[in-house]
Amino acid sequence: MSSRSGLTCPDCGSSNVVDDDLYCQAQLVCADCGSVVSEGVLASDPVGGSDVSYSRTTAVTKRPCVNLIKGVERVGALCRILKVNSQIEELSKSYFREAYQNPSFIRSGLPKKDVLAGSCVLLGCRMLSWPVTMATVGFLVDADPLTVGSVYQEVVKSLKIEAPLFNVTDVMEAHSREYQISSPDVPKELAENPAELTKRAVALVELSTDSWIVTGRRPAPIMMAATYLAWQSLNPNRQRLRLTLGKFCQVAKVTKQKAALQRIVEMKEMLCKLGKEIPWLRETVTPDNVVVQLGDILENRYALLRRAGRTHEASLREKESQSEEAASPTTSEAEDQRWENPERSEQQGDPAPNEGKRALFAPPCVTNGKKRRVEQPRFEDVTGDEEISDSEIDSYIRTPQEARDFAATQQMFSSADGAKL
């Protein structure tokens, strides 16, 4: 025991106060009377260290939830399927962890969280310029591309990221790899080299871009239509030309896009306009045989575009001159009626012609533009209670039976009025 100077016992007044180290907690005890002068020396007189809050002493390391762990694993699985590099995989996982804490995702169901994993992979690929389409991601997560697109927009908005612009030709190579039409997978007559198929399909997509077919359209049907036509044109034998798009998708083991048929029709129509300008071609170009000439059209597409534009302008001028020469005298009568009654002509108005029909190639919103509803003039003076003159009634009567019925009706009304009087 060691004595403490300067302390006195409150009971006996002795200054012989010592430290009692007998127990785990030291105490100050009076050696004369045995009274405890003070206790809890560790609390009142700490030796070194710092104060620690109760929450810190009882804190437990927060573990991520099970769905977050499974979602990160799902992102990694999608990246391995797409065979992306490790940088894209880590970026996609970080996007998923950050977006998962957003209220719109953390309280959603498991299907939306699965789509969220695919959207984060798509965002990571686009940020690092890796060619992946939204339809491919939708196929991997078993969701509609429209659903993937909406979730993708929510992710971009919640993370406040400016995603780069998307170009169809950038992902054409990756899209062509999905078609299993190489030699080991299909018969020899239907097999094709993937590199040559991709090259021709990309050229066809670029030509479709110049002719406004790609504008405002979803990329997946356009790429499928370009791949199908390119595959037929590389070896236009009888089996390939007779194979429909549905059978082609079954052979290539891909999912058929509904809008791809319409894109094929539009591409064939565009190719026919250009194929007619080939100078060495003697036969008539139709949608059935234009695929055979696809290689020549793509090789000389710029020259054919210029020739087709000049030919179309010349035909328009010829039609306008013929219409002016064959103008009937009714045109002058109509102009006289306009001068006589200008208000009526302004109210009726002539419908504006669709300029998209006159152009060789135009955007779909112009060629398929909706007709604007013309508001009919309202006659405020007409109430429906006006009297009809006899001459106007006579103009409505056409047959003798109608004349007899009208006379009987008038006689009935006159007898009813006489009875009232």
# chains A, B, ... in the order shown; residues from 1 in each chain; ligands from 1
call {"tool": "residues_around", "arguments": {"residues": "Asp11 of chain A", "least_positions_apart": "4", "cutoff": "12 Å", "atoms": "only C-alpha atoms", "output": "PyMOL selection string"}}
result
chain A and resi 15+17+29-37
call {"tool": "write_last_selection", "arguments": {"atoms": "N, CA, C and O atoms", "output": "PDB file, in the first residue's frame"}}
result
ATOM      1  N   SER A  15      -4.661  11.658   8.589  1.00  0.00           N
ATOM      2  CA  SER A  15      -4.072  11.891   7.261  1.00  0.00           C
ATOM      3  C   SER A  15      -3.388  10.658   6.723  1.00  0.00           C
ATOM      4  O   SER A  15      -2.735  10.717   5.684  1.00  0.00           O
ATOM      5  N   VAL A  17      -3.979   8.106   4.792  1.00  0.00           N
ATOM      6  CA  VAL A  17      -4.834   7.547   3.727  1.00  0.00           C
ATOM      7  C   VAL A  17      -3.938   6.842   2.738  1.00  0.00           C
ATOM      8  O   VAL A  17      -2.986   7.432   2.211  1.00  0.00           O
ATOM      9  N   VAL A  29      -8.231   4.153   1.313  1.00  0.00           N
ATOM     10  CA  VAL A  29      -8.725   3.679   2.610  1.00  0.00           C
ATOM     11  C   VAL A  29      -7.914   4.339   3.734  1.00  0.00           C
ATOM     12  O   VAL A  29      -6.683   4.530   3.604  1.00  0.00           O
ATOM     13  N   CYS A  30      -8.605   4.694   4.829  1.00  0.00           N
ATOM     14  CA  CYS A  30      -7.924   5.243   6.022  1.00  0.00           C
ATOM     15  C   CYS A  30      -7.287   4.086   6.791  1.00  0.00           C
ATOM     16  O   CYS A  30      -7.983   3.132   7.184  1.00  0.00           O
ATOM     17  N   ALA A  31      -5.993   4.180   6.990  1.00  0.00           N
ATOM     18  CA  ALA A  31      -5.280   3.099   7.671  1.00  0.00           C
ATOM     19  C   ALA A  31      -5.588   3.033   9.169  1.00  0.00           C
ATOM     20  O   ALA A  31      -5.400   1.982   9.794  1.00  0.00           O
ATOM     21  N   ASP A  32      -6.135   4.115   9.754  1.00  0.00           N
ATOM     22  CA  ASP A  32      -6.400   4.135  11.198  1.00  0.00           C
ATOM     23  C   ASP A  32      -7.785   3.575  11.521  1.00  0.00           C
ATOM     24  O   ASP A  32      -7.931   2.714  12.400  1.00  0.00           O
ATOM     25  N   CYS A  33      -8.782   4.074  10.823  1.00  0.00           N
ATOM     26  CA  CYS A  33     -10.147   3.611  11.144  1.00  0.00           C
ATOM     27  C   CYS A  33     -10.700   2.626  10.130  1.00  0.00           C
ATOM     28  O   CYS A  33     -11.736   2.009  10.349  1.00  0.00           O
ATOM     29  N   GLY A  34     -10.085   2.489   8.976  1.00  0.00           N
ATOM     30  CA  GLY A  34     -10.556   1.552   7.961  1.00  0.00           C
ATOM     31  C   GLY A  34     -11.663   2.064   7.066  1.00  0.00           C
ATOM     32  O   GLY A  34     -12.266   1.289   6.311  1.00  0.00           O
ATOM     33  N   SER A  35     -11.969   3.340   7.147  1.00  0.00           N
ATOM     34  CA  SER A  35     -13.032   3.899   6.295  1.00  0.00           C
ATOM     35  C   SER A  35     -12.531   4.071   4.861  1.00  0.00           C
ATOM     36  O   SER A  35     -11.346   4.349   4.617  1.00  0.00           O
ATOM     37  N   VAL A  36     -13.452   3.887   3.949  1.00  0.00           N
ATOM     38  CA  VAL A  36     -13.141   4.087   2.533  1.00  0.00           C
ATOM     39  C   VAL A  36     -13.319   5.554   2.209  1.00  0.00           C
ATOM     40  O   VAL A  36     -14.426   6.106   2.323  1.00  0.00           O
ATOM     41  N   VAL A  37     -12.213   6.189   1.864  1.00  0.00           N
ATOM     42  CA  VAL A  37     -12.270   7.621   1.567  1.00  0.00           C
ATOM     43  C   VAL A  37     -12.874   7.865   0.181  1.00  0.00           C
ATOM     44  O   VAL A  37     -13.737   8.722  -0.006  1.00  0.00           O
TER      45      VAL A  37
END
call {"tool": "residues_around", "arguments": {"residues": "Gln232 of chain A", "least_positions_apart": "6", "cutoff": "8 Å", "atoms": "only C-alpha atoms", "output": "PyMOL selection string"}}
result
chain A and resi 240-241+291
call {"tool": "residues_around", "arguments": {"residues": "Arg126 of chain A", "least_positions_apart": "3", "cutoff": "9 Å", "atoms": "only C-alpha atoms", "output": "PyMOL selection string"}}
result
chain A and resi 121-123+129-132+163-166
call {"tool": "select_by_dssp", "arguments": {"residues": "segment 49-251 of chain A", "states": "alpha helix (DSSP H)", "output": "MDAnalysis selection string"}}
result
chainID A and resid 54:57 66:82 86:100 103:106 110:127 134:140 145:159 172:176 194:210 219:234 238:242 245:251
call {"tool": "residues_around", "arguments": {"residues": "His175 of chain A", "least_positions_apart": "3", "cutoff": "12 Å", "atoms": "only C-alpha atoms", "output": "count of residues only"}}
result
32
call {"tool": "residues_around", "arguments": {"residues": "Ser208 of chain A", "least_positions_apart": "4", "cutoff": "10 Å", "atoms": "only C-alpha atoms", "output": "ChimeraX atom specification"}}
result
/A:202-204,212-215,222,226,263,266-267,270-271
call {"tool": "write_last_selection", "arguments": {"atoms": "all heavy atoms", "output": "compact mmCIF listing (two decimals), in the first residue's frame"}}
result
# COMPACT_ATOMS: atom_id res chain seq x y z
N VAL A 202 -22.43 -4.09 -92.29
CA VAL A 202 -22.08 -2.73 -91.87
C VAL A 202 -22.24 -1.76 -93.03
O VAL A 202 -22.77 -0.65 -92.88
CB VAL A 202 -20.66 -2.69 -91.30
CG1 VAL A 202 -20.19 -1.25 -91.10
CG2 VAL A 202 -20.59 -3.41 -89.96
N ALA A 203 -21.80 -2.16 -94.23
CA ALA A 203 -21.95 -1.30 -95.40
C ALA A 203 -23.43 -1.05 -95.73
O ALA A 203 -23.82 0.06 -96.10
CB ALA A 203 -21.25 -1.93 -96.60
N LEU A 204 -24.26 -2.07 -95.55
CA LEU A 204 -25.69 -1.90 -95.81
C LEU A 204 -26.33 -0.99 -94.77
O LEU A 204 -27.21 -0.18 -95.10
CB LEU A 204 -26.38 -3.27 -95.81
CG LEU A 204 -27.88 -3.29 -96.12
CD1 LEU A 204 -28.17 -2.60 -97.44
CD2 LEU A 204 -28.40 -4.71 -96.14
N TRP A 212 -32.02 7.53 -94.75
CA TRP A 212 -32.96 7.89 -93.68
C TRP A 212 -33.76 6.70 -93.13
O TRP A 212 -34.76 6.90 -92.44
CB TRP A 212 -33.95 8.95 -94.14
CG TRP A 212 -33.34 10.26 -94.50
CD1 TRP A 212 -33.03 10.70 -95.74
CD2 TRP A 212 -32.96 11.32 -93.61
NE1 TRP A 212 -32.47 11.95 -95.70
CE2 TRP A 212 -32.43 12.37 -94.40
CE3 TRP A 212 -33.03 11.49 -92.23
CZ2 TRP A 212 -31.96 13.54 -93.85
CZ3 TRP A 212 -32.57 12.68 -91.69
CH2 TRP A 212 -32.04 13.69 -92.48
N ILE A 213 -33.33 5.48 -93.38
CA ILE A 213 -34.08 4.33 -92.85
C ILE A 213 -33.80 4.13 -91.37
O ILE A 213 -34.67 3.71 -90.61
CB ILE A 213 -33.74 3.06 -93.66
CG1 ILE A 213 -34.20 3.22 -95.11
CG2 ILE A 213 -34.38 1.82 -93.04
CD1 ILE A 213 -33.87 2.05 -95.99
N VAL A 214 -32.59 4.45 -90.93
CA VAL A 214 -32.19 4.22 -89.54
C VAL A 214 -32.76 5.28 -88.61
O VAL A 214 -32.92 5.04 -87.40
CB VAL A 214 -30.64 4.18 -89.45
CG1 VAL A 214 -30.17 3.92 -88.03
CG2 VAL A 214 -30.10 3.10 -90.37
N THR A 215 -33.11 6.44 -89.13
CA THR A 215 -33.52 7.57 -88.30
C THR A 215 -34.77 7.25 -87.49
O THR A 215 -35.80 6.86 -88.04
CB THR A 215 -33.80 8.80 -89.18
OG1 THR A 215 -32.63 9.08 -89.95
CG2 THR A 215 -34.14 10.00 -88.33
N ILE A 222 -33.08 -3.28 -87.38
CA ILE A 222 -32.28 -2.82 -88.54
C ILE A 222 -31.07 -3.72 -88.74
O ILE A 222 -30.74 -4.12 -89.86
CB ILE A 222 -31.86 -1.36 -88.32
CG1 ILE A 222 -33.09 -0.45 -88.34
CG2 ILE A 222 -30.87 -0.91 -89.38
CD1 ILE A 222 -32.82 0.98 -88.00
N ALA A 226 -30.33 -6.10 -91.98
CA ALA A 226 -29.09 -5.95 -92.74
C ALA A 226 -28.30 -7.27 -92.77
O ALA A 226 -27.73 -7.64 -93.81
CB ALA A 226 -28.24 -4.84 -92.13
N ARG A 263 -38.38 -3.49 -91.95
CA ARG A 263 -37.09 -2.89 -92.32
C ARG A 263 -36.55 -3.55 -93.60
O ARG A 263 -35.92 -2.88 -94.42
CB ARG A 263 -36.08 -3.08 -91.19
CG ARG A 263 -36.48 -2.47 -89.86
CD ARG A 263 -36.51 -0.94 -89.90
NE ARG A 263 -37.83 -0.48 -90.26
CZ ARG A 263 -38.86 -0.38 -89.43
NH1 ARG A 263 -38.72 -0.73 -88.16
NH2 ARG A 263 -40.02 0.10 -89.83
N GLU A 266 -38.33 -1.93 -96.51
CA GLU A 266 -37.83 -0.58 -96.76
C GLU A 266 -36.44 -0.61 -97.40
O GLU A 266 -36.15 0.18 -98.31
CB GLU A 266 -37.78 0.19 -95.45
CG GLU A 266 -39.15 0.44 -94.85
CD GLU A 266 -39.08 1.09 -93.48
OE1 GLU A 266 -37.95 1.23 -92.97
OE2 GLU A 266 -40.12 1.46 -92.93
N MET A 267 -35.58 -1.53 -96.94
CA MET A 267 -34.24 -1.63 -97.53
C MET A 267 -34.32 -2.10 -98.98
O MET A 267 -33.58 -1.59 -99.85
CB MET A 267 -33.38 -2.58 -96.71
CG MET A 267 -32.95 -2.03 -95.36
SD MET A 267 -31.87 -3.17 -94.47
CE MET A 267 -31.60 -2.26 -92.95
N MET A 270 -35.38 0.79 -101.15
CA MET A 270 -34.26 1.71 -101.35
C MET A 270 -33.25 1.13 -102.34
O MET A 270 -32.75 1.84 -103.22
CB MET A 270 -33.60 1.99 -99.99
CG MET A 270 -32.33 2.81 -100.04
SD MET A 270 -30.83 1.78 -100.03
CE MET A 270 -30.98 0.93 -98.48
N LEU A 271 -32.96 -0.17 -102.22
CA LEU A 271 -32.01 -0.80 -103.13
C LEU A 271 -32.54 -0.84 -104.56
O LEU A 271 -31.76 -0.75 -105.52
CB LEU A 271 -31.69 -2.21 -102.64
CG LEU A 271 -30.91 -2.31 -101.32
CD1 LEU A 271 -30.82 -3.77 -100.87
CD2 LEU A 271 -29.53 -1.71 -101.44
call {"tool": "closest_residue", "arguments": {"among": "A:Phe139, A:Pro236, A:Gln262, A:Tyr100", "to": "Arg217 of chain A", "atoms": "only C-alpha atoms"}}
result
A:Gln262
call {"tool": "atom_distance", "arguments": {"atom1": "atom CA of Asn289 of chain A", "atom2": "atom CA of Pro187 of chain A"}}
result
23.6 Å
call {"tool": "atom_distance", "arguments": {"atom1": "atom CA of Asp385 of chain A", "atom2": "atom CA of Gln410 of chain A"}}
result
18.5 Å
call {"tool": "residues_around", "arguments": {"residues": "segment 147-158 of chain A", "least_positions_apart": "3", "cutoff": "9 Å", "atoms": "only C-alpha atoms", "output": "number ranges by chain"}}
result
A: 95-96, 99, 102, 104, 112, 115-116, 118-120, 122-123, 134-135, 137-138, 141, 143-144, 161-163
call {"tool": "residues_around", "arguments": {"residues": "Glu73 of chain A", "least_positions_apart": "6", "cutoff": "10 Å", "atoms": "only C-alpha atoms", "output": "list in words"}}
result
Asn67, Cys79, Lys93 and Ala117 of chain A
call {"tool": "atom_distance", "arguments": {"atom1": "atom CA of Gly124 of chain A", "atom2": "atom CA of Val75 of chain A"}}
result
10.6 Å
